[in-house]
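Containing JSON, C-alpha atoms: upload24.json.
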```json
[["chain", "number", "residue", "atom", "x", "y", "z"],
["A", 1, "MET", "CA", 13.41, 15.17, 10.61],
["A", 2, "SER", "CA", 11.66, 11.98, 11.70],
["A", 3, "SER", "CA", 10.81, 11.40, 15.35],
["A", 4, "GLU", "CA", 13.02, 9.09, 17.37],
["A", 5, "ALA", "CA", 12.09, 5.48, 18.06],
["A", 6, "GLN", "CA", 13.60, 3.00, 20.48],
["A", 7, "PHE", "CA", 15.23, -0.21, 19.30],
["A", 8, "VAL", "CA", 16.74, -3.27, 20.95],
["A", 9, "LEU", "CA", 19.78, -4.90, 19.39],
["A", 10, "THR", "CA", 20.91, -8.33, 20.55],
["A", 11, "LEU", "CA", 23.93, -10.14, 19.19],
["A", 12, "SER", "CA", 26.25, -13.06, 19.75],
["A", 13, "CYS", "CA", 29.63, -13.72, 18.18],
["A", 14, "PRO", "CA", 33.02, -15.27, 18.94],
["A", 15, "ASP", "CA", 34.51, -13.48, 21.95],
["A", 16, "ARG", "CA", 37.25, -11.08, 20.87],
["A", 17, "PRO", "CA", 38.40, -7.52, 21.64],
["A", 18, "GLY", "CA", 36.62, -4.66, 19.94],
["A", 19, "VAL", "CA", 33.03, -5.91, 19.72],
["A", 20, "VAL", "CA", 31.62, -3.29, 22.11],
["A", 21, "ALA", "CA", 33.65, -0.56, 20.41],
["A", 22, "ALA", "CA", 32.39, -1.62, 16.98],
["A", 23, "VAL", "CA", 28.74, -1.56, 18.05],
["A", 24, "SER", "CA", 28.88, 1.61, 20.15],
["A", 25, "GLY", "CA", 30.97, 3.38, 17.50],
["A", 26, "LEU", "CA", 28.44, 2.51, 14.80],
["A", 27, "LEU", "CA", 25.61, 3.87, 16.94],
["A", 28, "ALA", "CA", 27.54, 7.05, 17.76],
["A", 29, "ARG", "CA", 28.39, 7.76, 14.12],
["A", 30, "ARG", "CA", 24.71, 7.54, 13.21],
["A", 31, "GLY", "CA", 23.54, 9.80, 15.99],
["A", 32, "CYS", "CA", 21.91, 7.07, 18.08],
["A", 33, "ASN", "CA", 21.65, 7.37, 21.85],
["A", 34, "ILE", "CA", 22.37, 4.29, 23.99],
["A", 35, "ILE", "CA", 19.79, 3.91, 26.78],
["A", 36, "GLU", "CA", 20.86, 0.56, 28.22],
["A", 37, "SER", "CA", 23.75, -1.78, 27.41],
["A", 38, "GLN", "CA", 24.63, -5.20, 28.83],
["A", 39, "GLN", "CA", 27.19, -7.75, 27.72],
["A", 40, "PHE", "CA", 28.69, -11.07, 28.76],
["A", 41, "GLY", "CA", 31.60, -13.15, 27.54],
["A", 42, "ASP", "CA", 31.19, -16.88, 28.20],
["A", 43, "PRO", "CA", 34.61, -18.37, 29.02],
["A", 44, "VAL", "CA", 33.32, -21.88, 28.31],
["A", 45, "SER", "CA", 31.73, -21.40, 24.88],
["A", 46, "GLN", "CA", 34.10, -18.54, 24.02],
["A", 47, "ARG", "CA", 31.17, -16.53, 22.74],
["A", 48, "PHE", "CA", 30.24, -12.92, 23.45],
["A", 49, "PHE", "CA", 26.66, -11.76, 24.04],
["A", 50, "MET", "CA", 25.32, -8.22, 24.01],
["A", 51, "ARG", "CA", 22.01, -6.40, 24.37],
["A", 52, "VAL", "CA", 21.74, -2.70, 23.59],
["A", 53, "GLN", "CA", 18.63, -0.52, 23.79],
["A", 54, "PHE", "CA", 18.96, 2.77, 21.97],
["A", 55, "SER", "CA", 16.98, 5.59, 20.40],
["A", 56, "SER", "CA", 17.35, 6.67, 16.80],
["A", 57, "SER", "CA", 15.62, 8.73, 14.14],
["A", 58, "LEU", "CA", 16.92, 6.42, 11.40],
["A", 59, "PRO", "CA", 14.56, 3.97, 9.68],
["A", 60, "ASP", "CA", 14.61, 0.31, 10.64],
["A", 61, "ALA", "CA", 15.96, -0.82, 7.26],
["A", 62, "GLU", "CA", 18.93, 1.55, 7.40],
["A", 63, "LEU", "CA", 19.88, 0.35, 10.87],
["A", 64, "ARG", "CA", 19.67, -3.31, 9.82],
["A", 65, "GLU", "CA", 21.88, -2.61, 6.84],
["A", 66, "ALA", "CA", 24.43, -0.88, 9.09],
["A", 67, "PHE", "CA", 24.58, -3.77, 11.56],
["A", 68, "ALA", "CA", 24.71, -6.33, 8.74],
["A", 69, "ALA", "CA", 27.94, -4.66, 7.62],
["A", 70, "LEU", "CA", 29.55, -5.78, 10.91],
["A", 71, "VAL", "CA", 28.67, -9.44, 10.36],
["A", 72, "PRO", "CA", 31.61, -10.48, 8.11],
["A", 73, "ASP", "CA", 34.26, -9.04, 10.44],
["A", 74, "LEU", "CA", 32.72, -10.04, 13.78],
["A", 75, "GLY", "CA", 31.03, -13.27, 12.68],
["A", 76, "MET", "CA", 27.97, -12.22, 14.62],
["A", 77, "ASP", "CA", 24.31, -13.13, 14.64],
["A", 78, "PHE", "CA", 22.03, -10.23, 15.49],
["A", 79, "LYS", "CA", 18.40, -9.27, 15.95],
["A", 80, "LEU", "CA", 16.95, -5.78, 15.87],
["A", 81, "ARG", "CA", 13.48, -4.92, 17.18],
["A", 82, "ASP", "CA", 11.49, -1.73, 17.24],
["A", 83, "VAL", "CA", 10.28, -1.47, 20.85],
["A", 84, "ALA", "CA", 6.99, 0.10, 19.73],
["A", 85, "VAL", "CA", 6.03, -3.04, 17.80],
["A", 86, "LYS", "CA", 4.46, -5.50, 20.23],
["A", 87, "PRO", "CA", 5.55, -9.14, 19.82],
["A", 88, "ARG", "CA", 2.71, -11.32, 18.56],
["A", 89, "VAL", "CA", 2.13, -14.37, 20.78],
["A", 90, "LEU", "CA", 0.10, -17.51, 20.10],
["A", 91, "VAL", "CA", -0.79, -19.44, 23.26],
["A", 92, "MET", "CA", -1.44, -23.19, 23.35],
["A", 93, "VAL", "CA", -3.28, -24.81, 26.24],
["A", 94, "SER", "CA", -5.16, -27.98, 27.18],
["A", 95, "LYS", "CA", -7.57, -28.04, 30.15],
["A", 96, "PHE", "CA", -5.60, -26.30, 32.94],
["A", 97, "GLY", "CA", -6.38, -22.61, 32.59],
["A", 98, "HIS", "CA", -4.28, -20.92, 35.29],
["A", 99, "CYS", "CA", -1.31, -19.98, 33.10],
["A", 100, "LEU", "CA", -3.53, -18.83, 30.22],
["A", 101, "ASN", "CA", -5.68, -16.76, 32.58],
["A", 102, "ASP", "CA", -2.56, -15.17, 34.10],
["A", 103, "LEU", "CA", -1.08, -14.29, 30.70],
["A", 104, "LEU", "CA", -4.37, -12.81, 29.50],
["A", 105, "TYR", "CA", -4.70, -10.70, 32.65],
["A", 106, "ARG", "CA", -1.09, -9.49, 32.59],
["A", 107, "THR", "CA", -1.42, -8.55, 28.93],
["A", 108, "ARG", "CA", -4.69, -6.64, 29.39],
["A", 109, "SER", "CA", -3.34, -4.82, 32.46],
["A", 110, "GLY", "CA", -0.14, -3.79, 30.67],
["A", 111, "LEU", "CA", 2.19, -5.93, 32.77],
["A", 112, "LEU", "CA", 3.17, -7.82, 29.61],
["A", 113, "ASP", "CA", 3.79, -5.66, 26.55],
["A", 114, "ILE", "CA", 2.67, -8.28, 24.05],
["A", 115, "ASP", "CA", -0.24, -8.97, 21.73],
["A", 116, "ILE", "CA", -1.87, -12.38, 22.30],
["A", 117, "VAL", "CA", -3.22, -13.00, 18.81],
["A", 118, "ALA", "CA", -4.88, -16.39, 19.31],
["A", 119, "VAL", "CA", -5.26, -19.39, 21.61],
["A", 120, "VAL", "CA", -5.03, -22.96, 20.33],
["A", 121, "SER", "CA", -6.23, -25.95, 22.34],
["A", 122, "ASN", "CA", -6.83, -29.65, 21.93],
["A", 123, "HIS", "CA", -9.93, -29.20, 24.14],
["A", 124, "PRO", "CA", -12.88, -26.76, 23.95],
["A", 125, "ASP", "CA", -12.97, -25.98, 27.69],
["A", 126, "LEU", "CA", -11.18, -22.61, 27.71],
["A", 127, "ARG", "CA", -13.02, -21.04, 24.79],
["A", 128, "PRO", "CA", -15.29, -18.85, 27.03],
["A", 129, "LEU", "CA", -12.32, -17.48, 28.98],
["A", 130, "THR", "CA", -10.37, -16.69, 25.82],
["A", 131, "GLN", "CA", -13.26, -15.11, 23.97],
["A", 132, "SER", "CA", -14.12, -12.94, 26.99],
["A", 133, "TYR", "CA", -10.86, -11.15, 26.14],
["A", 134, "GLY", "CA", -11.88, -10.81, 22.49],
["A", 135, "ILE", "CA", -9.23, -13.28, 21.32],
["A", 136, "ASP", "CA", -9.68, -15.99, 18.68],
["A", 137, "TYR", "CA", -9.88, -19.56, 19.99],
["A", 138, "HIS", "CA", -9.03, -22.55, 17.81],
["A", 139, "HIS", "CA", -10.05, -26.03, 18.96],
["A", 140, "LEU", "CA", -7.73, -28.54, 17.29],
["A", 141, "PRO", "CA", -8.33, -32.05, 18.70],
["A", 142, "VAL", "CA", -5.42, -34.46, 18.34],
["A", 143, "THR", "CA", -4.87, -38.20, 18.37],
["A", 144, "ARG", "CA", -1.80, -40.24, 17.53],
["A", 145, "GLU", "CA", -3.18, -40.72, 14.02],
["A", 146, "THR", "CA", -4.14, -37.08, 13.43],
["A", 147, "LYS", "CA", -1.06, -35.47, 15.04],
["A", 148, "PRO", "CA", 0.76, -34.64, 11.76],
["A", 149, "ARG", "CA", -2.34, -32.94, 10.35],
["A", 150, "GLN", "CA", -3.04, -31.11, 13.61],
["A", 151, "GLU", "CA", 0.53, -29.80, 13.80],
["A", 152, "ALA", "CA", 0.30, -28.65, 10.18],
["A", 153, "GLU", "CA", -2.76, -26.63, 11.24],
["A", 154, "ILE", "CA", -0.78, -25.16, 14.13],
["A", 155, "LEU", "CA", 1.97, -24.04, 11.78],
["A", 156, "ALA", "CA", -0.65, -22.56, 9.45],
["A", 157, "LEU", "CA", -2.06, -20.54, 12.37],
["A", 158, "VAL", "CA", 1.41, -19.35, 13.38],
["A", 159, "ASP", "CA", 1.86, -18.13, 9.82],
["A", 160, "HIS", "CA", -1.67, -16.68, 9.56],
["A", 161, "TYR", "CA", -1.31, -14.64, 12.75],
["A", 162, "GLN", "CA", 2.35, -13.86, 12.06],
["A", 163, "ALA", "CA", 3.16, -15.03, 15.57],
["A", 164, "ASP", "CA", 6.64, -14.24, 16.86],
["A", 165, "LEU", "CA", 6.36, -16.60, 19.83],
["A", 166, "VAL", "CA", 4.39, -19.71, 20.77],
["A", 167, "VAL", "CA", 3.73, -20.27, 24.49],
["A", 168, "LEU", "CA", 2.72, -23.67, 25.81],
["A", 169, "ALA", "CA", 0.66, -22.61, 28.83],
["A", 170, "ARG", "CA", 0.14, -26.13, 30.17],
["A", 171, "TYR", "CA", -0.41, -27.68, 26.74],
["A", 172, "MET", "CA", -0.36, -31.36, 27.65],
["A", 173, "GLN", "CA", 0.81, -32.72, 24.32],
["A", 174, "VAL", "CA", 4.35, -33.48, 23.18],
["A", 175, "LEU", "CA", 5.36, -31.53, 20.09],
["A", 176, "SER", "CA", 6.94, -33.55, 17.31],
["A", 177, "GLU", "CA", 10.61, -33.19, 16.47],
["A", 178, "ASP", "CA", 9.62, -31.66, 13.14],
["A", 179, "LEU", "CA", 7.50, -28.93, 14.77],
["A", 180, "CYS", "CA", 10.19, -28.26, 17.39],
["A", 181, "THR", "CA", 12.75, -27.78, 14.62],
["A", 182, "LYS", "CA", 10.56, -25.43, 12.58],
["A", 183, "LEU", "CA", 9.82, -23.25, 15.62],
["A", 184, "ALA", "CA", 13.23, -23.59, 17.30],
["A", 185, "GLY", "CA", 13.98, -20.81, 19.78],
["A", 186, "ASN", "CA", 10.44, -19.47, 19.54],
["A", 187, "VAL", "CA", 8.44, -21.86, 21.75],
["A", 188, "ILE", "CA", 8.37, -21.59, 25.54],
["A", 189, "ASN", "CA", 6.99, -24.31, 27.82],
["A", 190, "ILE", "CA", 6.23, -24.44, 31.55],
["A", 191, "HIS", "CA", 6.24, -27.49, 33.79],
["A", 192, "HIS", "CA", 6.59, -28.38, 37.44],
["A", 193, "SER", "CA", 10.14, -28.95, 38.64],
["A", 194, "PHE", "CA", 9.59, -32.44, 40.04],
["A", 195, "LEU", "CA", 10.84, -33.98, 36.80],
["A", 196, "PRO", "CA", 12.23, -36.57, 36.61],
["A", 197, "SER", "CA", 11.24, -37.53, 40.20],
["A", 198, "PHE", "CA", 7.45, -37.50, 39.88],
["A", 199, "LYS", "CA", 6.28, -38.24, 36.36],
["A", 200, "GLY", "CA", 2.80, -39.01, 35.14],
["A", 201, "ALA", "CA", -0.53, -38.29, 36.78],
["A", 202, "LYS", "CA", -0.95, -36.26, 39.97],
["A", 203, "PRO", "CA", 2.68, -35.22, 40.52],
["A", 204, "TYR", "CA", 1.73, -33.01, 43.48],
["A", 205, "HIS", "CA", 0.06, -35.95, 45.21],
["A", 206, "GLN", "CA", 3.20, -38.00, 44.60],
["A", 207, "ALA", "CA", 5.29, -35.16, 46.03],
["A", 208, "HIS", "CA", 3.03, -34.89, 49.08],
["A", 209, "SER", "CA", 3.42, -38.57, 49.82],
["A", 210, "ARG", "CA", 7.20, -38.13, 49.79],
["A", 211, "GLY", "CA", 7.15, -35.06, 52.03],
["A", 212, "VAL", "CA", 8.75, -32.59, 49.64],
["A", 213, "LYS", "CA", 9.83, -29.24, 51.04],
["A", 214, "LEU", "CA", 10.05, -27.18, 47.83],
["A", 215, "ILE", "CA", 7.53, -26.70, 45.03],
["A", 216, "GLY", "CA", 9.06, -25.48, 41.80],
["A", 217, "ALA", "CA", 8.36, -24.60, 38.18],
["A", 218, "THR", "CA", 10.63, -24.29, 35.15],
["A", 219, "ALA", "CA", 10.09, -22.27, 31.98],
["A", 220, "HIS", "CA", 12.26, -23.33, 29.06],
["A", 221, "TYR", "CA", 12.58, -23.36, 25.31],
["A", 222, "VAL", "CA", 11.05, -26.40, 23.66],
["A", 223, "THR", "CA", 13.32, -28.88, 21.93],
["A", 224, "ALA", "CA", 12.86, -32.42, 20.64],
["A", 225, "ASP", "CA", 14.23, -33.65, 24.00],
["A", 226, "LEU", "CA", 11.14, -33.60, 26.22],
["A", 227, "ASP", "CA", 11.32, -30.98, 28.99],
["A", 228, "GLU", "CA", 15.09, -30.63, 28.55],
["A", 229, "GLY", "CA", 15.33, -27.42, 26.51],
["A", 230, "PRO", "CA", 17.41, -24.39, 27.58],
["A", 231, "ILE", "CA", 16.04, -23.01, 30.84],
["A", 232, "ILE", "CA", 14.87, -19.38, 30.90],
["A", 233, "GLU", "CA", 13.45, -19.01, 34.40],
["A", 234, "GLN", "CA", 12.60, -21.02, 37.52],
["A", 235, "GLU", "CA", 10.54, -20.27, 40.62],
["A", 236, "VAL", "CA", 10.23, -22.09, 43.94],
["A", 237, "ALA", "CA", 8.06, -21.92, 47.06],
["A", 238, "ARG", "CA", 8.80, -23.58, 50.39],
["A", 239, "VAL", "CA", 6.17, -25.95, 51.82],
["A", 240, "ASN", "CA", 5.90, -28.11, 54.92],
["A", 241, "HIS", "CA", 4.03, -31.00, 56.52],
["A", 242, "THR", "CA", 0.91, -28.91, 57.18],
["A", 243, "HIS", "CA", 0.19, -28.53, 53.46],
["A", 244, "THR", "CA", -2.19, -30.98, 51.84],
["A", 245, "ALA", "CA", -1.71, -32.38, 48.34],
["A", 246, "GLU", "CA", -4.32, -29.87, 47.16],
["A", 247, "ASP", "CA", -2.35, -27.05, 48.81],
["A", 248, "LEU", "CA", 0.78, -28.16, 46.95],
["A", 249, "ALA", "CA", -1.11, -28.17, 43.66],
["A", 250, "ALA", "CA", -2.43, -24.65, 44.31],
["A", 251, "ILE", "CA", 1.04, -23.37, 45.23],
["A", 252, "GLY", "CA", 2.38, -25.11, 42.14],
["A", 253, "ARG", "CA", -0.10, -23.27, 39.93],
["A", 254, "ASP", "CA", 1.09, -19.95, 41.35],
["A", 255, "VAL", "CA", 4.78, -20.61, 40.77],
["A", 256, "GLU", "CA", 4.06, -21.90, 37.25],
["A", 257, "CYS", "CA", 2.29, -18.63, 36.43],
["A", 258, "GLN", "CA", 5.12, -16.53, 37.85],
["A", 259, "ALA", "CA", 7.91, -18.40, 36.08],
["A", 260, "LEU", "CA", 6.10, -18.48, 32.74],
["A", 261, "ALA", "CA", 5.16, -14.79, 32.82],
["A", 262, "ARG", "CA", 8.76, -13.76, 33.52],
["A", 263, "ALA", "CA", 10.08, -16.04, 30.78],
["A", 264, "VAL", "CA", 7.62, -14.58, 28.25],
["A", 265, "ARG", "CA", 8.45, -11.04, 29.33],
["A", 266, "TRP", "CA", 12.21, -11.54, 29.11],
["A", 267, "HIS", "CA", 12.00, -13.31, 25.75],
["A", 268, "THR", "CA", 9.78, -10.65, 24.20],
["A", 269, "GLU", "CA", 12.03, -7.90, 25.55],
["A", 270, "GLN", "CA", 14.95, -9.70, 23.87],
["A", 271, "ARG", "CA", 16.70, -10.31, 27.16],
["A", 272, "VAL", "CA", 17.28, -14.02, 26.49],
["A", 273, "LEU", "CA", 20.04, -15.26, 24.20],
["A", 274, "LEU", "CA", 20.79, -18.90, 23.47],
["A", 275, "ASP", "CA", 24.25, -20.14, 24.41],
["A", 276, "GLY", "CA", 24.26, -23.74, 23.25],
["A", 277, "HIS", "CA", 22.06, -25.73, 25.62],
["A", 278, "LYS", "CA", 21.74, -22.88, 28.12],
["A", 279, "THR", "CA", 20.60, -19.27, 28.06],
["A", 280, "ILE", "CA", 22.08, -15.88, 28.82],
["A", 281, "VAL", "CA", 19.41, -13.74, 30.50],
["A", 282, "PHE", "CA", 20.14, -10.04, 30.82],
["A", 283, "PRO", "CA", 18.11, -8.75, 33.83],
["A", 284, "ARG", "CA", 16.07, -5.57, 33.89]]
```
Rewritten as structure tokens:
Amino acid sequence: MSSEAQFVLTLSCPDRPGVVAAVSGLLARRGCNIIESQQFGDPVSQRFFMRVQFSSSLPDAELREAFAALVPDLGMDFKLRDVAVKPRVLVMVSKFGHCLNDLLYRTRSGLLDIDIVAVVSNHPDLRPLTQSYGIDYHHLPVTRETKPRQEAEILALVDHYQADLVVLARYMQVLSEDLCTKLAGNVINIHHSFLPSFKGAKPYHQAHSRGVKLIGATAHYVTADLDEGPIIEQEVARVNHTHTAEDLAAIGRDVECQALARAVRWHTEQRVLLDGHKTIVFPR
């Protein structure tokens, strides 16, 4: 008898009676043990969302085949992941290294159960930091004229490293609509939450001049609509008149790191499901 492994099943389907019974009954009939189960029915979209973590001695392929048999009746989309297999993450960054440094540290220390397989940047600056962790660094400069070729190289690297997720850890380039489409639902970005109030250069200096009282950051899925993809997580910190513009920038870096790390963790633990232009996030 094979040893038991843990799996995470996530699904979405039209909301109707019997979905939980169908899933739990299937697991029970195959001798699986449910460890954690969460579900939500959205009254607006009329869709049902579910996340189940369970243990089983059955092989991955047999479980997938069993769940696929539910698809015609329930009209569901589902994903199944072996918890022991770490998600493979490719990080993209420009010159600001705080989010990259935070992700690298959290991964090495075990706070993020992921495998950062490579870092891609349009600048060479963060090569020493990346390589100090023994991770490949790819410098791919980009201009308006070379953007299509550079993005083709990015896609080739995603394929080469078999990356499950791309994280824009302060990558200061706009992805093309074509790239956003090809990686839909698998790219996470982080940005300050002043948008659209303070665009352009030095947003924290602009915020300081206006006397803002909250510094925020938003982690979201990337879409062709700039900085308007489905939100996964947000973080805020209260500030006051004693803080300088440099203080605000430092606080902003901290909240960006926190929001991005949580978004990456929840996505890779399959706790985030897309519900149209918003997300369902099942908490730990």
Margin query: Just checking: using all atoms listed in the file, which residue out of A:Met50, A:Ala207, A:Cys180, A:Cys99 ends up closest to Glu246 in chain A?
Written below: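 Checking each of A:Met50, A:Ala207, A:Cys180, A:Cys99 against Glu246 in chain A, counting all atoms listed in the file, the winner is A:Ala207.
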Next item on the list: Between CA of Asp159 in chain A and CA of Cys13 in chain A, measure the distance and give it in Å to one decimal.
Entry: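 Taking CA of Asp159 in chain A and CA of Cys13 in chain A, their separation equals 29.3 Å.
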Next item on the list: Please provide as a list in words all residues within 7 Å of range 165-169 of chain A, with the sequence filter that same-chain residues fewer than 5 positions apart are discarded (counting only C-alpha atoms).
Entry: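 Listing them by chain and then by number gives Arg88, Val89, Leu90, Val91, Met92, Val93, Cys99, Leu100, Asn186, Val187, Ile188, Asn189 and Ile190 of chain A.
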Next item on the list: For range 26-43 of chain A, work out the shell of residues within 12 Å, counting all atoms listed in the file and skipping chain neighbours fewer than 2 positions away, then give it as a PyMOL selection string.
Entry: chain A and resi 4-17+19-24+45-59+62-70+270-276+278-284
Notebook entry, point to check: Taking all atoms listed in the file into account, which of A:Ala61, A:Val212, A:Ala259, A:Gly252 comes nearest Gln234 in chain A?
Noted result: A:Ala259
Please report as a tab-separated table every residue of range 36-130 of chain A lying within 9 Å of range 136-152 of chain A, along with the nearest atom pair and their distance in Å (one decimal), using all atoms listed in the file.
```
residue	atom	partner	partner_atom	distance
A:Val117	CA	A:Asp136	CA	7.1
A:Ala118	CA	A:Asp136	CA	4.9
A:Val119	CA	A:Tyr137	CA	4.9
A:Val120	CA	A:His138	CA	4.7
A:Ser121	CA	A:His139	CA	5.1
A:Asn122	CA	A:Pro141	CA	4.3
A:His123	CA	A:His139	CA	6.1
A:Pro124	CA	A:His139	CA	5.8
A:Leu126	CA	A:Tyr137	CA	8.4
A:Arg127	CA	A:Tyr137	CA	5.9
A:Pro128	CA	A:Tyr137	CA	8.9
A:Thr130	CA	A:Tyr137	CA	6.5
```
Checklist line | Exercise: Val85 in chain A partners within 10 Å, only C-alpha atoms, chain neighbours under 6 positions left out, as a PyMOL selection string | finding: chain A and resi 7+113-115
Checklist line | For Glu228 in chain A, the nearest of the candidates A:Val44, A:Ser193, A:Ile154, A:Pro72, counting all atoms listed in the file | finding: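 Smallest separation from Glu228 in chain A among the options: A:Ser193.
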Assuming 4 Å of padding per side, give the centre and edge lengths of the axis-aligned box around every listed atom of range 116-132 of chain A, in Å to one decimal and as JSON.
```
{"center_x": -8.6, "center_y": -21.0, "center_z": 23.9, "size_x": 21.4, "size_y": 25.3, "size_z": 18.2}
```
Notebook entry, point to check: Taking into account all atoms listed in the file, which residue in the set A:Leu260, A:Met76, A:Leu129, A:Ile135 is nearest to Asn101 in chain A?
Noted result: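 Smallest separation from Asn101 in chain A among the options: A:Leu129.
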Item checked: Non-local contacts of His243 in chain A (12 Å; all atoms listed in the file; under 6 positions in same chain excluded) as a list of chain:residue names -> A:Tyr204, A:His205, A:Ala207, A:His208, A:Ser209, A:Gly211, A:Val212, A:Lys213, A:Leu214, A:Ile215, A:Ala249, A:Ala250, A:Ile251
Check: How far is it from CA of Arg106 in chain A to CA of Val83 in chain A, in Å with one decimal?
Finding: 18.2 Å
Within 9 Å of (-8.0, -9.4, 27.6) (file coordinates; only C-alpha atoms), which protein or nucleic acid residues are there? I'd like them as a PDB file with C-alpha atoms, in the frame of the given file.
```
ATOM      1  CA  LEU A 104      -4.370 -12.810  29.500  1.00  0.00           C
ATOM      2  CA  TYR A 105      -4.700 -10.700  32.650  1.00  0.00           C
ATOM      3  CA  ARG A 106      -1.090  -9.490  32.590  1.00  0.00           C
ATOM      4  CA  THR A 107      -1.420  -8.550  28.930  1.00  0.00           C
ATOM      5  CA  ARG A 108      -4.690  -6.640  29.390  1.00  0.00           C
ATOM      6  CA  SER A 109      -3.340  -4.820  32.460  1.00  0.00           C
ATOM      7  CA  ILE A 116      -1.870 -12.380  22.300  1.00  0.00           C
ATOM      8  CA  THR A 130     -10.370 -16.690  25.820  1.00  0.00           C
ATOM      9  CA  GLN A 131     -13.260 -15.110  23.970  1.00  0.00           C
ATOM     10  CA  SER A 132     -14.120 -12.940  26.990  1.00  0.00           C
ATOM     11  CA  TYR A 133     -10.860 -11.150  26.140  1.00  0.00           C
ATOM     12  CA  GLY A 134     -11.880 -10.810  22.490  1.00  0.00           C
ATOM     13  CA  ILE A 135      -9.230 -13.280  21.320  1.00  0.00           C
TER      14      ILE A 135
END
```
Next item on the list: List the residues sitting within 7 Å of (2.9, -30.2, 36.4) in the file's frame, using all atoms listed in the file, as a list in words.
Entry: His191, His192 and Pro203 of chain A
Notebook entry, point to check: Which one of A:Gly97, A:Glu153, A:Thr268, A:Gly229 sits closest to Leu179 in chain A if you count all atoms listed in the file?
Noted result: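 Of all the options, A:Glu153 lies closest to Leu179 in chain A.
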Check: Given the choices A:Gly216, A:Gly18, A:Pro230, A:Gly200, which gets closest to Gln258 in chain A if the distance is worked out from only C-alpha atoms?
Finding: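 Smallest distance to Gln258 in chain A is found for A:Gly216.
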Margin query: What's around Arg262 in chain A at 9 Å? Count only C-alpha atoms, leave out sequence neighbours fewer than 6 positions away in its own chain, and write the answer as a VMD selection string.
Written below: chain A and resid 219 232 to 233
Notebook entry, point to check: So what do you get for CA of Leu80 in chain A versus CA of Gly25 in chain A, distance-wise?
Noted result: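 Computed distance, CA of Leu80 in chain A to CA of Gly25 in chain A, equals 16.8 Å.
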Can range 227-238 of chain A be brought up to N, CA, C and O atoms and written out as a PDB file, in the frame of the given file?
```pdb
ATOM      1  N   ASP A 227      11.093 -31.728  27.750  1.00  0.00           N
ATOM      2  CA  ASP A 227      11.320 -30.980  28.990  1.00  0.00           C
ATOM      3  C   ASP A 227      12.799 -30.799  29.320  1.00  0.00           C
ATOM      4  O   ASP A 227      13.172 -30.658  30.492  1.00  0.00           O
ATOM      5  N   GLU A 228      13.659 -30.784  28.306  1.00  0.00           N
ATOM      6  CA  GLU A 228      15.090 -30.630  28.550  1.00  0.00           C
ATOM      7  C   GLU A 228      15.686 -29.467  27.760  1.00  0.00           C
ATOM      8  O   GLU A 228      16.895 -29.378  27.594  1.00  0.00           O
ATOM      9  N   GLY A 229      14.836 -28.565  27.264  1.00  0.00           N
ATOM     10  CA  GLY A 229      15.330 -27.420  26.510  1.00  0.00           C
ATOM     11  C   GLY A 229      16.002 -26.398  27.407  1.00  0.00           C
ATOM     12  O   GLY A 229      15.915 -26.457  28.636  1.00  0.00           O
ATOM     13  N   PRO A 230      16.706 -25.428  26.806  1.00  0.00           N
ATOM     14  CA  PRO A 230      17.410 -24.390  27.580  1.00  0.00           C
ATOM     15  C   PRO A 230      16.473 -23.660  28.534  1.00  0.00           C
ATOM     16  O   PRO A 230      15.420 -23.168  28.135  1.00  0.00           O
ATOM     17  N   ILE A 231      16.874 -23.594  29.787  1.00  0.00           N
ATOM     18  CA  ILE A 231      16.040 -23.010  30.840  1.00  0.00           C
ATOM     19  C   ILE A 231      16.123 -21.481  30.810  1.00  0.00           C
ATOM     20  O   ILE A 231      17.208 -20.904  30.744  1.00  0.00           O
ATOM     21  N   ILE A 232      14.955 -20.840  30.874  1.00  0.00           N
ATOM     22  CA  ILE A 232      14.870 -19.380  30.900  1.00  0.00           C
ATOM     23  C   ILE A 232      14.684 -18.873  32.318  1.00  0.00           C
ATOM     24  O   ILE A 232      15.353 -17.944  32.758  1.00  0.00           O
ATOM     25  N   GLU A 233      13.763 -19.495  33.055  1.00  0.00           N
ATOM     26  CA  GLU A 233      13.450 -19.010  34.400  1.00  0.00           C
ATOM     27  C   GLU A 233      12.912 -20.155  35.257  1.00  0.00           C
ATOM     28  O   GLU A 233      12.306 -21.113  34.739  1.00  0.00           O
ATOM     29  N   GLN A 234      13.141 -20.066  36.560  1.00  0.00           N
ATOM     30  CA  GLN A 234      12.600 -21.020  37.520  1.00  0.00           C
ATOM     31  C   GLN A 234      12.100 -20.273  38.743  1.00  0.00           C
ATOM     32  O   GLN A 234      12.587 -19.194  39.070  1.00  0.00           O
ATOM     33  N   GLU A 235      11.114 -20.857  39.406  1.00  0.00           N
ATOM     34  CA  GLU A 235      10.540 -20.270  40.620  1.00  0.00           C
ATOM     35  C   GLU A 235      10.296 -21.389  41.617  1.00  0.00           C
ATOM     36  O   GLU A 235       9.966 -22.516  41.222  1.00  0.00           O
ATOM     37  N   VAL A 236      10.469 -21.092  42.902  1.00  0.00           N
ATOM     38  CA  VAL A 236      10.230 -22.090  43.940  1.00  0.00           C
ATOM     39  C   VAL A 236       9.428 -21.469  45.083  1.00  0.00           C
ATOM     40  O   VAL A 236       9.417 -20.253  45.268  1.00  0.00           O
ATOM     41  N   ALA A 237       8.761 -22.320  45.841  1.00  0.00           N
ATOM     42  CA  ALA A 237       8.060 -21.920  47.060  1.00  0.00           C
ATOM     43  C   ALA A 237       8.284 -23.003  48.098  1.00  0.00           C
ATOM     44  O   ALA A 237       8.225 -24.202  47.787  1.00  0.00           O
ATOM     45  N   ARG A 238       8.563 -22.612  49.323  1.00  0.00           N
ATOM     46  CA  ARG A 238       8.800 -23.580  50.390  1.00  0.00           C
ATOM     47  C   ARG A 238       7.471 -24.057  50.973  1.00  0.00           C
ATOM     48  O   ARG A 238       6.545 -23.261  51.171  1.00  0.00           O
TER      49      ARG A 238
END
```
